[in-house]
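work_16.cif (mmCIF, N, CA and C atoms and all ligand atoms)
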```
data_final
loop_
_atom_site.label_atom_id
_atom_site.label_comp_id
_atom_site.auth_asym_id
_atom_site.auth_seq_id
_atom_site.Cartn_x
_atom_site.Cartn_y
_atom_site.Cartn_z
N MET I 1 22.15 -43.44 17.75
CA MET I 1 22.62 -42.95 16.45
C MET I 1 23.69 -43.88 15.92
N SER I 2 23.71 -44.02 14.62
CA SER I 2 24.73 -44.82 13.97
C SER I 2 26.06 -44.10 14.00
N SER I 3 27.13 -44.84 14.23
CA SER I 3 28.43 -44.20 14.30
C SER I 3 29.01 -43.95 12.91
N GLU I 4 28.42 -44.58 11.87
CA GLU I 4 28.97 -44.41 10.53
C GLU I 4 28.56 -43.09 9.91
N LYS I 5 27.41 -42.62 10.27
CA LYS I 5 26.91 -41.41 9.64
C LYS I 5 26.94 -40.26 10.64
N LYS I 6 27.50 -39.15 10.22
CA LYS I 6 27.61 -38.02 11.12
C LYS I 6 26.34 -37.17 11.04
N GLN I 7 25.82 -36.86 12.22
CA GLN I 7 24.65 -36.01 12.29
C GLN I 7 25.05 -34.70 12.94
N VAL I 8 24.65 -33.61 12.35
CA VAL I 8 24.92 -32.31 12.94
C VAL I 8 23.59 -31.57 13.10
N PRO I 9 23.41 -30.90 14.22
CA PRO I 9 22.15 -30.20 14.43
C PRO I 9 22.06 -28.95 13.56
N GLU I 10 20.86 -28.65 13.11
CA GLU I 10 20.68 -27.43 12.33
C GLU I 10 20.94 -26.21 13.19
N LEU I 11 20.51 -26.28 14.45
CA LEU I 11 20.75 -25.20 15.41
C LEU I 11 21.41 -25.82 16.64
N PRO I 12 22.32 -25.08 17.27
CA PRO I 12 23.04 -25.66 18.41
C PRO I 12 22.20 -25.70 19.68
N ASP I 13 22.56 -26.59 20.59
CA ASP I 13 22.05 -26.60 21.96
C ASP I 13 20.56 -26.90 22.08
N LEU I 14 20.02 -27.71 21.15
CA LEU I 14 18.61 -28.08 21.23
C LEU I 14 18.42 -29.58 21.41
N ILE I 15 19.29 -30.38 20.82
CA ILE I 15 19.14 -31.83 20.81
C ILE I 15 20.34 -32.49 21.47
N ASP I 16 20.07 -33.52 22.25
CA ASP I 16 21.14 -34.32 22.85
C ASP I 16 20.93 -35.77 22.43
N TRP I 17 21.96 -36.41 21.93
CA TRP I 17 21.86 -37.83 21.62
C TRP I 17 23.06 -38.58 22.14
N THR I 18 23.65 -38.09 23.22
CA THR I 18 24.76 -38.80 23.84
C THR I 18 24.26 -40.07 24.53
N ASP I 19 22.99 -40.03 24.96
CA ASP I 19 22.35 -41.17 25.59
C ASP I 19 21.84 -42.10 24.50
N ASP I 20 21.17 -43.19 24.84
CA ASP I 20 20.60 -44.07 23.83
C ASP I 20 19.24 -43.53 23.40
N GLY I 21 19.28 -42.52 22.58
CA GLY I 21 18.05 -41.90 22.13
C GLY I 21 18.24 -40.41 22.04
N VAL I 22 17.22 -39.77 21.54
CA VAL I 22 17.29 -38.33 21.34
C VAL I 22 16.47 -37.63 22.41
N ARG I 23 17.06 -36.62 23.02
CA ARG I 23 16.33 -35.87 24.04
C ARG I 23 16.53 -34.38 23.80
N LEU I 24 15.53 -33.62 24.17
CA LEU I 24 15.61 -32.17 24.02
C LEU I 24 16.36 -31.57 25.19
N GLN I 25 17.21 -30.59 24.88
CA GLN I 25 18.00 -29.91 25.91
C GLN I 25 17.16 -28.78 26.50
N SER I 26 16.75 -28.99 27.71
CA SER I 26 15.91 -28.03 28.41
C SER I 26 16.70 -27.44 29.57
N ALA I 27 16.07 -26.57 30.31
CA ALA I 27 16.62 -26.06 31.55
C ALA I 27 15.48 -25.96 32.55
N ARG I 28 15.82 -26.07 33.82
CA ARG I 28 14.80 -26.01 34.87
C ARG I 28 15.21 -24.96 35.89
N CYS I 29 14.22 -24.16 36.30
CA CYS I 29 14.46 -23.20 37.38
C CYS I 29 14.18 -23.91 38.70
N ASN I 30 15.18 -23.98 39.54
CA ASN I 30 15.01 -24.64 40.82
C ASN I 30 14.19 -23.81 41.81
N SER I 31 13.95 -22.54 41.50
CA SER I 31 13.14 -21.70 42.37
C SER I 31 11.65 -21.86 42.09
N CYS I 32 11.25 -21.86 40.80
CA CYS I 32 9.82 -21.96 40.47
C CYS I 32 9.48 -23.26 39.74
N ASN I 33 10.48 -24.12 39.53
CA ASN I 33 10.29 -25.44 38.90
C ASN I 33 9.72 -25.35 37.49
N THR I 34 10.00 -24.25 36.80
CA THR I 34 9.58 -24.10 35.41
C THR I 34 10.66 -24.65 34.49
N TYR I 35 10.21 -25.35 33.46
CA TYR I 35 11.14 -25.86 32.44
C TYR I 35 11.13 -24.91 31.25
N PHE I 36 12.28 -24.83 30.59
CA PHE I 36 12.42 -23.93 29.45
C PHE I 36 12.90 -24.71 28.24
N PHE I 37 12.37 -24.34 27.07
CA PHE I 37 12.90 -24.85 25.82
C PHE I 37 12.70 -23.80 24.75
N PRO I 38 13.76 -23.40 24.06
CA PRO I 38 15.15 -23.78 24.28
C PRO I 38 15.62 -23.42 25.69
N ALA I 39 16.71 -24.03 26.11
CA ALA I 39 17.16 -23.86 27.48
C ALA I 39 17.45 -22.41 27.83
N SER I 40 17.82 -21.63 26.83
CA SER I 40 18.16 -20.23 27.09
C SER I 40 16.93 -19.33 27.15
N HIS I 41 15.76 -19.91 26.86
CA HIS I 41 14.54 -19.10 26.78
C HIS I 41 13.85 -19.10 28.14
N HIS I 42 14.22 -18.17 28.99
CA HIS I 42 13.74 -18.17 30.37
C HIS I 42 12.49 -17.31 30.54
N GLN I 43 11.39 -17.97 30.85
CA GLN I 43 10.16 -17.25 31.20
C GLN I 43 9.70 -17.80 32.54
N HIS I 44 10.16 -17.18 33.61
CA HIS I 44 9.85 -17.64 34.96
C HIS I 44 8.41 -17.29 35.34
N ARG I 45 7.95 -17.96 36.36
CA ARG I 45 6.64 -17.61 36.90
C ARG I 45 6.75 -16.27 37.61
N PRO I 46 5.65 -15.51 37.62
CA PRO I 46 5.69 -14.21 38.31
C PRO I 46 6.15 -14.36 39.76
N GLY I 47 7.00 -13.47 40.18
CA GLY I 47 7.47 -13.49 41.55
C GLY I 47 8.64 -14.41 41.81
N CYS I 48 9.09 -15.13 40.80
CA CYS I 48 10.20 -16.06 41.00
C CYS I 48 11.49 -15.30 41.26
N SER I 49 12.27 -15.82 42.16
CA SER I 49 13.56 -15.19 42.47
C SER I 49 14.59 -15.44 41.37
N ARG I 50 14.28 -16.34 40.46
CA ARG I 50 15.13 -16.63 39.29
C ARG I 50 16.51 -17.13 39.67
N GLU I 51 16.57 -17.88 40.74
CA GLU I 51 17.86 -18.41 41.17
C GLU I 51 17.92 -19.91 40.87
N GLY I 52 19.06 -20.34 40.43
CA GLY I 52 19.28 -21.77 40.28
C GLY I 52 18.72 -22.40 39.04
N VAL I 53 18.94 -21.79 37.87
CA VAL I 53 18.54 -22.43 36.61
C VAL I 53 19.64 -23.38 36.18
N GLU I 54 19.27 -24.63 35.89
CA GLU I 54 20.27 -25.61 35.49
C GLU I 54 19.82 -26.38 34.26
N PRO I 55 20.76 -26.81 33.43
CA PRO I 55 20.41 -27.58 32.24
C PRO I 55 19.91 -28.96 32.61
N VAL I 56 18.86 -29.41 31.94
CA VAL I 56 18.32 -30.76 32.12
C VAL I 56 17.88 -31.28 30.76
N LEU I 57 17.84 -32.59 30.63
CA LEU I 57 17.31 -33.20 29.42
C LEU I 57 15.88 -33.63 29.69
N LEU I 58 14.99 -33.36 28.73
CA LEU I 58 13.60 -33.80 28.88
C LEU I 58 13.52 -35.31 28.67
N SER I 59 12.43 -35.89 29.16
CA SER I 59 12.17 -37.30 28.92
C SER I 59 12.15 -37.56 27.42
N LYS I 60 12.43 -38.80 27.03
CA LYS I 60 12.41 -39.12 25.61
C LYS I 60 10.99 -39.12 25.05
N ARG I 61 10.05 -39.43 25.92
CA ARG I 61 8.68 -39.58 25.44
C ARG I 61 7.71 -38.63 26.14
N GLY I 62 6.66 -38.27 25.40
CA GLY I 62 5.59 -37.46 25.96
C GLY I 62 4.30 -37.82 25.26
N LYS I 63 3.26 -37.06 25.57
CA LYS I 63 1.95 -37.35 24.98
C LYS I 63 1.54 -36.23 24.03
N LEU I 64 0.93 -36.65 22.92
CA LEU I 64 0.52 -35.68 21.92
C LEU I 64 -0.65 -34.86 22.45
N ALA I 65 -0.42 -33.56 22.64
CA ALA I 65 -1.46 -32.69 23.20
C ALA I 65 -2.38 -32.16 22.11
N THR I 66 -1.83 -31.78 20.99
CA THR I 66 -2.62 -31.33 19.85
C THR I 66 -1.75 -31.41 18.61
N TYR I 67 -2.40 -31.43 17.45
CA TYR I 67 -1.61 -31.55 16.22
C TYR I 67 -2.42 -31.06 15.04
N THR I 68 -1.73 -30.85 13.94
CA THR I 68 -2.38 -30.57 12.67
C THR I 68 -1.58 -31.25 11.58
N ILE I 69 -2.22 -31.46 10.45
CA ILE I 69 -1.53 -32.07 9.31
C ILE I 69 -1.40 -31.02 8.22
N GLN I 70 -0.18 -30.80 7.78
CA GLN I 70 0.11 -29.77 6.80
C GLN I 70 0.21 -30.42 5.43
N HIS I 71 -0.40 -29.75 4.46
CA HIS I 71 -0.31 -30.24 3.07
C HIS I 71 0.48 -29.28 2.20
N TYR I 72 1.22 -28.40 2.84
CA TYR I 72 2.10 -27.49 2.09
C TYR I 72 3.40 -27.37 2.85
N MET I 73 4.47 -27.06 2.14
CA MET I 73 5.78 -26.94 2.77
C MET I 73 5.86 -25.69 3.63
N CYS I 74 6.63 -25.80 4.71
CA CYS I 74 6.96 -24.61 5.49
C CYS I 74 7.77 -23.67 4.59
N PRO I 75 7.54 -22.38 4.71
CA PRO I 75 8.31 -21.44 3.88
C PRO I 75 9.76 -21.36 4.34
N PRO I 76 10.66 -20.88 3.47
CA PRO I 76 12.05 -20.66 3.88
C PRO I 76 12.10 -19.73 5.09
N PRO I 77 13.08 -19.87 5.98
CA PRO I 77 14.32 -20.63 5.78
C PRO I 77 14.21 -22.12 6.06
N PHE I 78 13.03 -22.65 6.35
CA PHE I 78 12.88 -24.09 6.53
C PHE I 78 13.32 -24.79 5.26
N LYS I 79 14.14 -25.82 5.42
CA LYS I 79 14.77 -26.44 4.26
C LYS I 79 14.77 -27.95 4.44
N THR I 80 14.37 -28.67 3.40
CA THR I 80 14.43 -30.13 3.41
C THR I 80 14.98 -30.59 2.06
N MET I 81 15.34 -31.88 2.00
CA MET I 81 15.91 -32.42 0.76
C MET I 81 14.84 -32.51 -0.32
N GLY I 82 13.61 -32.70 0.11
CA GLY I 82 12.54 -32.84 -0.87
C GLY I 82 11.21 -32.48 -0.23
N ASP I 83 10.16 -32.71 -1.00
CA ASP I 83 8.82 -32.42 -0.51
C ASP I 83 8.44 -33.44 0.57
N ILE I 84 8.13 -32.99 1.75
CA ILE I 84 7.78 -33.91 2.84
C ILE I 84 6.28 -33.92 3.11
N THR I 85 5.51 -33.21 2.30
CA THR I 85 4.07 -33.16 2.53
C THR I 85 3.40 -34.48 2.18
N PRO I 86 2.33 -34.86 2.85
CA PRO I 86 1.83 -34.20 4.05
C PRO I 86 2.64 -34.62 5.28
N TYR I 87 2.66 -33.75 6.25
CA TYR I 87 3.39 -34.06 7.48
C TYR I 87 2.63 -33.44 8.65
N GLY I 88 2.95 -33.92 9.82
CA GLY I 88 2.27 -33.41 11.00
C GLY I 88 3.13 -32.40 11.73
N ILE I 89 2.44 -31.51 12.43
CA ILE I 89 3.09 -30.63 13.41
C ILE I 89 2.30 -30.82 14.69
N GLY I 90 2.99 -31.12 15.75
CA GLY I 90 2.28 -31.40 16.99
C GLY I 90 2.92 -30.75 18.19
N MET I 91 2.11 -30.63 19.23
CA MET I 91 2.60 -30.21 20.54
C MET I 91 2.66 -31.45 21.40
N VAL I 92 3.84 -31.75 21.92
CA VAL I 92 4.00 -32.91 22.79
C VAL I 92 4.23 -32.43 24.21
N GLU I 93 3.41 -32.94 25.11
CA GLU I 93 3.53 -32.58 26.52
C GLU I 93 4.38 -33.64 27.22
N PHE I 94 5.48 -33.17 27.79
CA PHE I 94 6.41 -34.07 28.46
C PHE I 94 6.04 -34.23 29.93
N PRO I 95 6.47 -35.31 30.55
CA PRO I 95 6.15 -35.54 31.97
C PRO I 95 6.61 -34.40 32.86
N GLU I 96 7.62 -33.65 32.40
CA GLU I 96 8.12 -32.52 33.18
C GLU I 96 7.12 -31.35 33.22
N GLY I 97 6.10 -31.41 32.35
CA GLY I 97 5.08 -30.36 32.37
C GLY I 97 5.27 -29.30 31.30
N ILE I 98 6.25 -29.46 30.44
CA ILE I 98 6.48 -28.51 29.36
C ILE I 98 6.00 -29.14 28.06
N SER I 99 5.40 -28.32 27.20
CA SER I 99 4.98 -28.78 25.88
C SER I 99 5.87 -28.15 24.83
N VAL I 100 6.26 -28.96 23.85
CA VAL I 100 7.16 -28.51 22.79
C VAL I 100 6.54 -28.86 21.45
N ALA I 101 6.59 -27.92 20.52
CA ALA I 101 6.08 -28.15 19.17
C ALA I 101 7.17 -28.73 18.29
N GLY I 102 6.76 -29.55 17.36
CA GLY I 102 7.74 -30.11 16.43
C GLY I 102 7.07 -30.84 15.29
N LEU I 103 7.86 -31.18 14.30
CA LEU I 103 7.38 -31.99 13.19
C LEU I 103 7.00 -33.37 13.71
N ILE I 104 6.01 -33.99 13.08
CA ILE I 104 5.68 -35.39 13.35
C ILE I 104 6.07 -36.17 12.11
N MET I 105 7.09 -37.03 12.26
CA MET I 105 7.62 -37.77 11.11
C MET I 105 7.60 -39.26 11.43
N GLU I 106 7.81 -40.07 10.37
CA GLU I 106 7.89 -41.53 10.51
C GLU I 106 6.65 -42.08 11.22
N THR I 107 5.50 -41.52 10.90
CA THR I 107 4.27 -41.87 11.59
C THR I 107 3.12 -41.93 10.59
N GLU I 108 2.24 -42.90 10.76
CA GLU I 108 1.03 -42.96 9.95
C GLU I 108 0.09 -41.85 10.42
N LEU I 109 -0.05 -40.81 9.59
CA LEU I 109 -0.75 -39.61 10.04
C LEU I 109 -2.23 -39.88 10.32
N ASP I 110 -2.84 -40.81 9.58
CA ASP I 110 -4.26 -41.10 9.80
C ASP I 110 -4.52 -41.71 11.17
N ALA I 111 -3.47 -42.27 11.77
CA ALA I 111 -3.63 -42.93 13.07
C ALA I 111 -3.30 -42.01 14.24
N LEU I 112 -3.02 -40.75 13.94
CA LEU I 112 -2.71 -39.83 15.04
C LEU I 112 -3.96 -39.52 15.85
N LYS I 113 -3.77 -39.34 17.13
CA LYS I 113 -4.84 -38.84 17.99
C LYS I 113 -4.22 -38.23 19.23
N THR I 114 -4.90 -37.28 19.81
CA THR I 114 -4.35 -36.66 21.00
C THR I 114 -4.26 -37.70 22.10
N GLY I 115 -3.25 -37.54 22.93
CA GLY I 115 -3.01 -38.49 24.00
C GLY I 115 -2.07 -39.61 23.61
N ARG I 116 -1.78 -39.72 22.34
CA ARG I 116 -0.90 -40.79 21.86
C ARG I 116 0.52 -40.55 22.35
N GLU I 117 1.20 -41.64 22.67
CA GLU I 117 2.58 -41.53 23.15
C GLU I 117 3.50 -41.26 21.97
N MET I 118 4.37 -40.27 22.15
CA MET I 118 5.29 -39.86 21.10
C MET I 118 6.70 -39.89 21.65
N GLU I 119 7.66 -40.15 20.77
CA GLU I 119 9.04 -40.09 21.21
C GLU I 119 9.81 -39.09 20.35
N THR I 120 10.85 -38.53 20.95
CA THR I 120 11.68 -37.54 20.27
C THR I 120 12.68 -38.25 19.38
N ILE I 121 12.80 -37.77 18.17
CA ILE I 121 13.78 -38.31 17.23
C ILE I 121 14.58 -37.17 16.61
N ALA I 122 15.69 -37.53 15.99
CA ALA I 122 16.44 -36.57 15.18
C ALA I 122 16.05 -36.82 13.73
N TYR I 123 15.51 -35.82 13.08
CA TYR I 123 15.03 -35.97 11.71
C TYR I 123 15.98 -35.23 10.76
N THR I 124 16.42 -35.96 9.72
CA THR I 124 17.34 -35.36 8.77
C THR I 124 16.60 -34.43 7.81
N LEU I 125 16.97 -33.16 7.84
CA LEU I 125 16.35 -32.18 6.96
C LEU I 125 17.01 -32.16 5.59
N TYR I 126 18.33 -32.21 5.60
CA TYR I 126 19.09 -32.18 4.35
C TYR I 126 20.53 -32.54 4.68
N GLN I 127 21.35 -32.63 3.64
CA GLN I 127 22.77 -32.88 3.85
C GLN I 127 23.56 -31.63 3.51
N ASN I 128 24.55 -31.37 4.34
CA ASN I 128 25.35 -30.16 4.09
C ASN I 128 26.46 -30.46 3.09
N ASP I 129 27.30 -29.47 2.84
CA ASP I 129 28.35 -29.62 1.81
C ASP I 129 29.37 -30.68 2.19
N ASP I 130 29.47 -31.02 3.50
CA ASP I 130 30.39 -32.07 3.94
C ASP I 130 29.76 -33.46 3.88
N GLY I 131 28.50 -33.53 3.46
CA GLY I 131 27.81 -34.81 3.40
C GLY I 131 27.21 -35.25 4.72
N ASP I 132 27.26 -34.38 5.71
CA ASP I 132 26.66 -34.70 7.01
C ASP I 132 25.14 -34.51 6.95
N ASP I 133 24.45 -35.31 7.75
CA ASP I 133 23.02 -35.12 7.90
C ASP I 133 22.74 -33.95 8.84
N VAL I 134 22.04 -32.97 8.36
CA VAL I 134 21.66 -31.84 9.20
C VAL I 134 20.29 -32.16 9.79
N VAL I 135 20.21 -32.23 11.11
CA VAL I 135 19.00 -32.74 11.74
C VAL I 135 18.35 -31.68 12.63
N THR I 136 17.06 -31.88 12.83
CA THR I 136 16.33 -31.14 13.83
C THR I 136 15.55 -32.16 14.65
N TRP I 137 14.94 -31.72 15.72
CA TRP I 137 14.13 -32.67 16.49
C TRP I 137 12.78 -32.84 15.80
N ALA I 138 12.20 -33.98 16.01
CA ALA I 138 10.85 -34.26 15.53
C ALA I 138 10.26 -35.29 16.47
N PHE I 139 9.00 -35.61 16.25
CA PHE I 139 8.32 -36.60 17.09
C PHE I 139 7.79 -37.73 16.22
N ARG I 140 7.79 -38.91 16.80
CA ARG I 140 7.32 -40.11 16.11
C ARG I 140 6.38 -40.84 17.06
N ALA I 141 5.28 -41.31 16.53
CA ALA I 141 4.35 -42.07 17.37
C ALA I 141 4.99 -43.38 17.80
N VAL I 142 4.73 -43.79 19.04
CA VAL I 142 5.25 -45.03 19.56
C VAL I 142 4.21 -46.11 19.36
N ASN I 143 4.51 -47.07 18.52
CA ASN I 143 3.63 -48.21 18.20
C ASN I 143 2.23 -47.87 17.78
ZN ZN I 201 12.02 -19.37 38.16
#
```
Can you present the structure in this file as structure tokens?
Ligand SMILES: [Zn+2]
Amino acid sequence: MSSEKKQVPELPDLIDWTDDGVRLQSARCNSCNTYFFPASHHQHRPGCSREGVEPVLLSKRGKLATYTIQHYMCPPPFKTMGDITPYGIGMVEFPEGISVAGLIMETELDALKTGREMETIAYTLYQNDDGDDVVTWAFRAVN
């Protein structure tokens, strides 16, 4: 992230960019090895003792499991600076075994296909009253 422009997440505790890149804040159960996103959303495997859940960051990249292309805006409270249609929504499967849905931005939509490598980015939805970029996570095709 650029140090000149301040980015603030639309929702807390979902995105980490302290590293060189954007990663989703997940959690892992050390008893059943299930990953959770958001980290607070715990759905353990049946019979799990539910002991030892710890915060972890997901890999930066995963593979596109499925997607669709939207030609209409998401209804409120989803908010953007302008019309972003058409845009993709995809499920990205991370090496950790968890799949996460998100916007597909900064990508040639006609070139999308399942199995394609995707990386997590912070996408600016709009600017708040302080002039900060309000961001959410999104996915971008890698090359
Ligand atoms: Zn568990």
message = Can you pull out the residues contacting Tyr123 of chain I? Cut-off 5 Å, using only N, CA and C atoms, and skip same-chain residues under 6 positions away; I want them as a list of chain:residue names.
response =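 After dropping sequence-adjacent residues, the list is I:Val135, I:Thr136, I:Trp137, I:Ala138.
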inquiry  = Would you pick out the contacts of Lys60 of chain I at 6 Å or less, using only N, CA and C atoms, so that residues sharing its chain but fewer than 2 positions from it are not included, and give the list as JSON, numbers by chain?
reply    = {"I": [22, 23, 58, 62, 118, 119, 120]}
Export of the given selection (N, CA and C atoms) as a PDB file, in the frame of the given file:
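The resulting result-v7.pdb:
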```pdb
ATOM      1  N   VAL I  22      17.220 -39.770  21.540  1.00  0.00           N
ATOM      2  CA  VAL I  22      17.290 -38.330  21.340  1.00  0.00           C
ATOM      3  C   VAL I  22      16.470 -37.630  22.410  1.00  0.00           C
ATOM      4  N   ARG I  23      17.060 -36.620  23.020  1.00  0.00           N
ATOM      5  CA  ARG I  23      16.330 -35.870  24.040  1.00  0.00           C
ATOM      6  C   ARG I  23      16.530 -34.380  23.800  1.00  0.00           C
ATOM      7  N   LEU I  58      14.990 -33.360  28.730  1.00  0.00           N
ATOM      8  CA  LEU I  58      13.600 -33.800  28.880  1.00  0.00           C
ATOM      9  C   LEU I  58      13.520 -35.310  28.670  1.00  0.00           C
ATOM     10  N   GLY I  62       6.660 -38.270  25.400  1.00  0.00           N
ATOM     11  CA  GLY I  62       5.590 -37.460  25.960  1.00  0.00           C
ATOM     12  C   GLY I  62       4.300 -37.820  25.260  1.00  0.00           C
ATOM     13  N   MET I 118       4.370 -40.270  22.150  1.00  0.00           N
ATOM     14  CA  MET I 118       5.290 -39.860  21.100  1.00  0.00           C
ATOM     15  C   MET I 118       6.700 -39.890  21.650  1.00  0.00           C
ATOM     16  N   GLU I 119       7.660 -40.150  20.770  1.00  0.00           N
ATOM     17  CA  GLU I 119       9.040 -40.090  21.210  1.00  0.00           C
ATOM     18  C   GLU I 119       9.810 -39.090  20.350  1.00  0.00           C
ATOM     19  N   THR I 120      10.850 -38.530  20.950  1.00  0.00           N
ATOM     20  CA  THR I 120      11.680 -37.540  20.270  1.00  0.00           C
ATOM     21  C   THR I 120      12.680 -38.250  19.380  1.00  0.00           C
TER      22      THR I 120
END
```
Report as JSON lines: every residue of chain I with an atom at most 6.5 Å from ligand ZN 201 (chain I), its closest pair of atoms, and their distance in Å to one decimal, counting all atoms listed in the file, with rows sorted by chain and ascending residue number.
```
{"residue": "I:Cys29", "atom": "CA", "partner": "I:ZN201", "partner_atom": "ZN", "distance": 4.6}
{"residue": "I:Asn30", "atom": "N", "partner": "I:ZN201", "partner_atom": "ZN", "distance": 5.8}
{"residue": "I:Ser31", "atom": "C", "partner": "I:ZN201", "partner_atom": "ZN", "distance": 4.7}
{"residue": "I:Cys32", "atom": "N", "partner": "I:ZN201", "partner_atom": "ZN", "distance": 3.7}
{"residue": "I:Asn33", "atom": "N", "partner": "I:ZN201", "partner_atom": "ZN", "distance": 5.2}
{"residue": "I:Thr34", "atom": "N", "partner": "I:ZN201", "partner_atom": "ZN", "distance": 5.5}
{"residue": "I:Gln43", "atom": "C", "partner": "I:ZN201", "partner_atom": "ZN", "distance": 6.3}
{"residue": "I:His44", "atom": "CA", "partner": "I:ZN201", "partner_atom": "ZN", "distance": 4.2}
{"residue": "I:Arg45", "atom": "N", "partner": "I:ZN201", "partner_atom": "ZN", "distance": 4.7}
{"residue": "I:Cys48", "atom": "CA", "partner": "I:ZN201", "partner_atom": "ZN", "distance": 4.7}
{"residue": "I:Ser49", "atom": "N", "partner": "I:ZN201", "partner_atom": "ZN", "distance": 5.4}
{"residue": "I:Arg50", "atom": "CA", "partner": "I:ZN201", "partner_atom": "ZN", "distance": 4.3}
{"residue": "I:Glu51", "atom": "N", "partner": "I:ZN201", "partner_atom": "ZN", "distance": 5.4}
```
inquiry  = Just checking: using all atoms listed in the file, which residue out of I:Thr66, I:Thr124, I:Asn143, I:Thr107 ends up closest to Glu93 of chain I?
reply    =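 So, comparing all the options, the nearest one is I:Thr66.
Between atom CA of Arg61 of chain I and atom CA of Glu10 of chain I the interatomic distance comes to 21.5 Å.
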inquiry  = Rounded to one decimal, what separation in Å do you get between atom C of Asp110 of chain I and atom N of Phe139 of chain I?
reply    = 15.7 Å
message = Given the point (20.8, -24.6, 21.1) in the coordinates of this file, which residues lie within 12 Å, counting only C-alpha atoms, and how would they look as a list in words?
response = Val8, Pro9, Glu10, Leu11, Pro12, Asp13, Leu14, Ile15, Asp16, Leu24, Gln25, Ser26, Ala27, Phe36, Phe37, Pro38, Ala39, Ser40, His41, Pro55, Thr136 and Trp137 of chain I
Could those selected residues go to a file with N, CA and C atoms, as an mmCIF file, in the coordinates of the input?
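Done, and the output landed in again-v9.cif:
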```
data_model
loop_
_atom_site.group_PDB
_atom_site.id
_atom_site.type_symbol
_atom_site.label_atom_id
_atom_site.label_comp_id
_atom_site.auth_asym_id
_atom_site.auth_seq_id
_atom_site.Cartn_x
_atom_site.Cartn_y
_atom_site.Cartn_z
ATOM 1 N N VAL I 8 24.650 -33.610 12.350
ATOM 2 C CA VAL I 8 24.920 -32.310 12.940
ATOM 3 C C VAL I 8 23.590 -31.570 13.100
ATOM 4 N N PRO I 9 23.410 -30.900 14.220
ATOM 5 C CA PRO I 9 22.150 -30.200 14.430
ATOM 6 C C PRO I 9 22.060 -28.950 13.560
ATOM 7 N N GLU I 10 20.860 -28.650 13.110
ATOM 8 C CA GLU I 10 20.680 -27.430 12.330
ATOM 9 C C GLU I 10 20.940 -26.210 13.190
ATOM 10 N N LEU I 11 20.510 -26.280 14.450
ATOM 11 C CA LEU I 11 20.750 -25.200 15.410
ATOM 12 C C LEU I 11 21.410 -25.820 16.640
ATOM 13 N N PRO I 12 22.320 -25.080 17.270
ATOM 14 C CA PRO I 12 23.040 -25.660 18.410
ATOM 15 C C PRO I 12 22.200 -25.700 19.680
ATOM 16 N N ASP I 13 22.560 -26.590 20.590
ATOM 17 C CA ASP I 13 22.050 -26.600 21.960
ATOM 18 C C ASP I 13 20.560 -26.900 22.080
ATOM 19 N N LEU I 14 20.020 -27.710 21.150
ATOM 20 C CA LEU I 14 18.610 -28.080 21.230
ATOM 21 C C LEU I 14 18.420 -29.580 21.410
ATOM 22 N N ILE I 15 19.290 -30.380 20.820
ATOM 23 C CA ILE I 15 19.140 -31.830 20.810
ATOM 24 C C ILE I 15 20.340 -32.490 21.470
ATOM 25 N N ASP I 16 20.070 -33.520 22.250
ATOM 26 C CA ASP I 16 21.140 -34.320 22.850
ATOM 27 C C ASP I 16 20.930 -35.770 22.430
ATOM 28 N N LEU I 24 15.530 -33.620 24.170
ATOM 29 C CA LEU I 24 15.610 -32.170 24.020
ATOM 30 C C LEU I 24 16.360 -31.570 25.190
ATOM 31 N N GLN I 25 17.210 -30.590 24.880
ATOM 32 C CA GLN I 25 18.000 -29.910 25.910
ATOM 33 C C GLN I 25 17.160 -28.780 26.500
ATOM 34 N N SER I 26 16.750 -28.990 27.710
ATOM 35 C CA SER I 26 15.910 -28.030 28.410
ATOM 36 C C SER I 26 16.700 -27.440 29.570
ATOM 37 N N ALA I 27 16.070 -26.570 30.310
ATOM 38 C CA ALA I 27 16.620 -26.060 31.550
ATOM 39 C C ALA I 27 15.480 -25.960 32.550
ATOM 40 N N PHE I 36 12.280 -24.830 30.590
ATOM 41 C CA PHE I 36 12.420 -23.930 29.450
ATOM 42 C C PHE I 36 12.900 -24.710 28.240
ATOM 43 N N PHE I 37 12.370 -24.340 27.070
ATOM 44 C CA PHE I 37 12.900 -24.850 25.820
ATOM 45 C C PHE I 37 12.700 -23.800 24.750
ATOM 46 N N PRO I 38 13.760 -23.400 24.060
ATOM 47 C CA PRO I 38 15.150 -23.780 24.280
ATOM 48 C C PRO I 38 15.620 -23.420 25.690
ATOM 49 N N ALA I 39 16.710 -24.030 26.110
ATOM 50 C CA ALA I 39 17.160 -23.860 27.480
ATOM 51 C C ALA I 39 17.450 -22.410 27.830
ATOM 52 N N SER I 40 17.820 -21.630 26.830
ATOM 53 C CA SER I 40 18.160 -20.230 27.090
ATOM 54 C C SER I 40 16.930 -19.330 27.150
ATOM 55 N N HIS I 41 15.760 -19.910 26.860
ATOM 56 C CA HIS I 41 14.540 -19.100 26.780
ATOM 57 C C HIS I 41 13.850 -19.100 28.140
ATOM 58 N N PRO I 55 20.760 -26.810 33.430
ATOM 59 C CA PRO I 55 20.410 -27.580 32.240
ATOM 60 C C PRO I 55 19.910 -28.960 32.610
ATOM 61 N N THR I 136 17.060 -31.880 12.830
ATOM 62 C CA THR I 136 16.330 -31.140 13.830
ATOM 63 C C THR I 136 15.550 -32.160 14.650
ATOM 64 N N TRP I 137 14.940 -31.720 15.720
ATOM 65 C CA TRP I 137 14.130 -32.670 16.490
ATOM 66 C C TRP I 137 12.780 -32.840 15.800
#
```
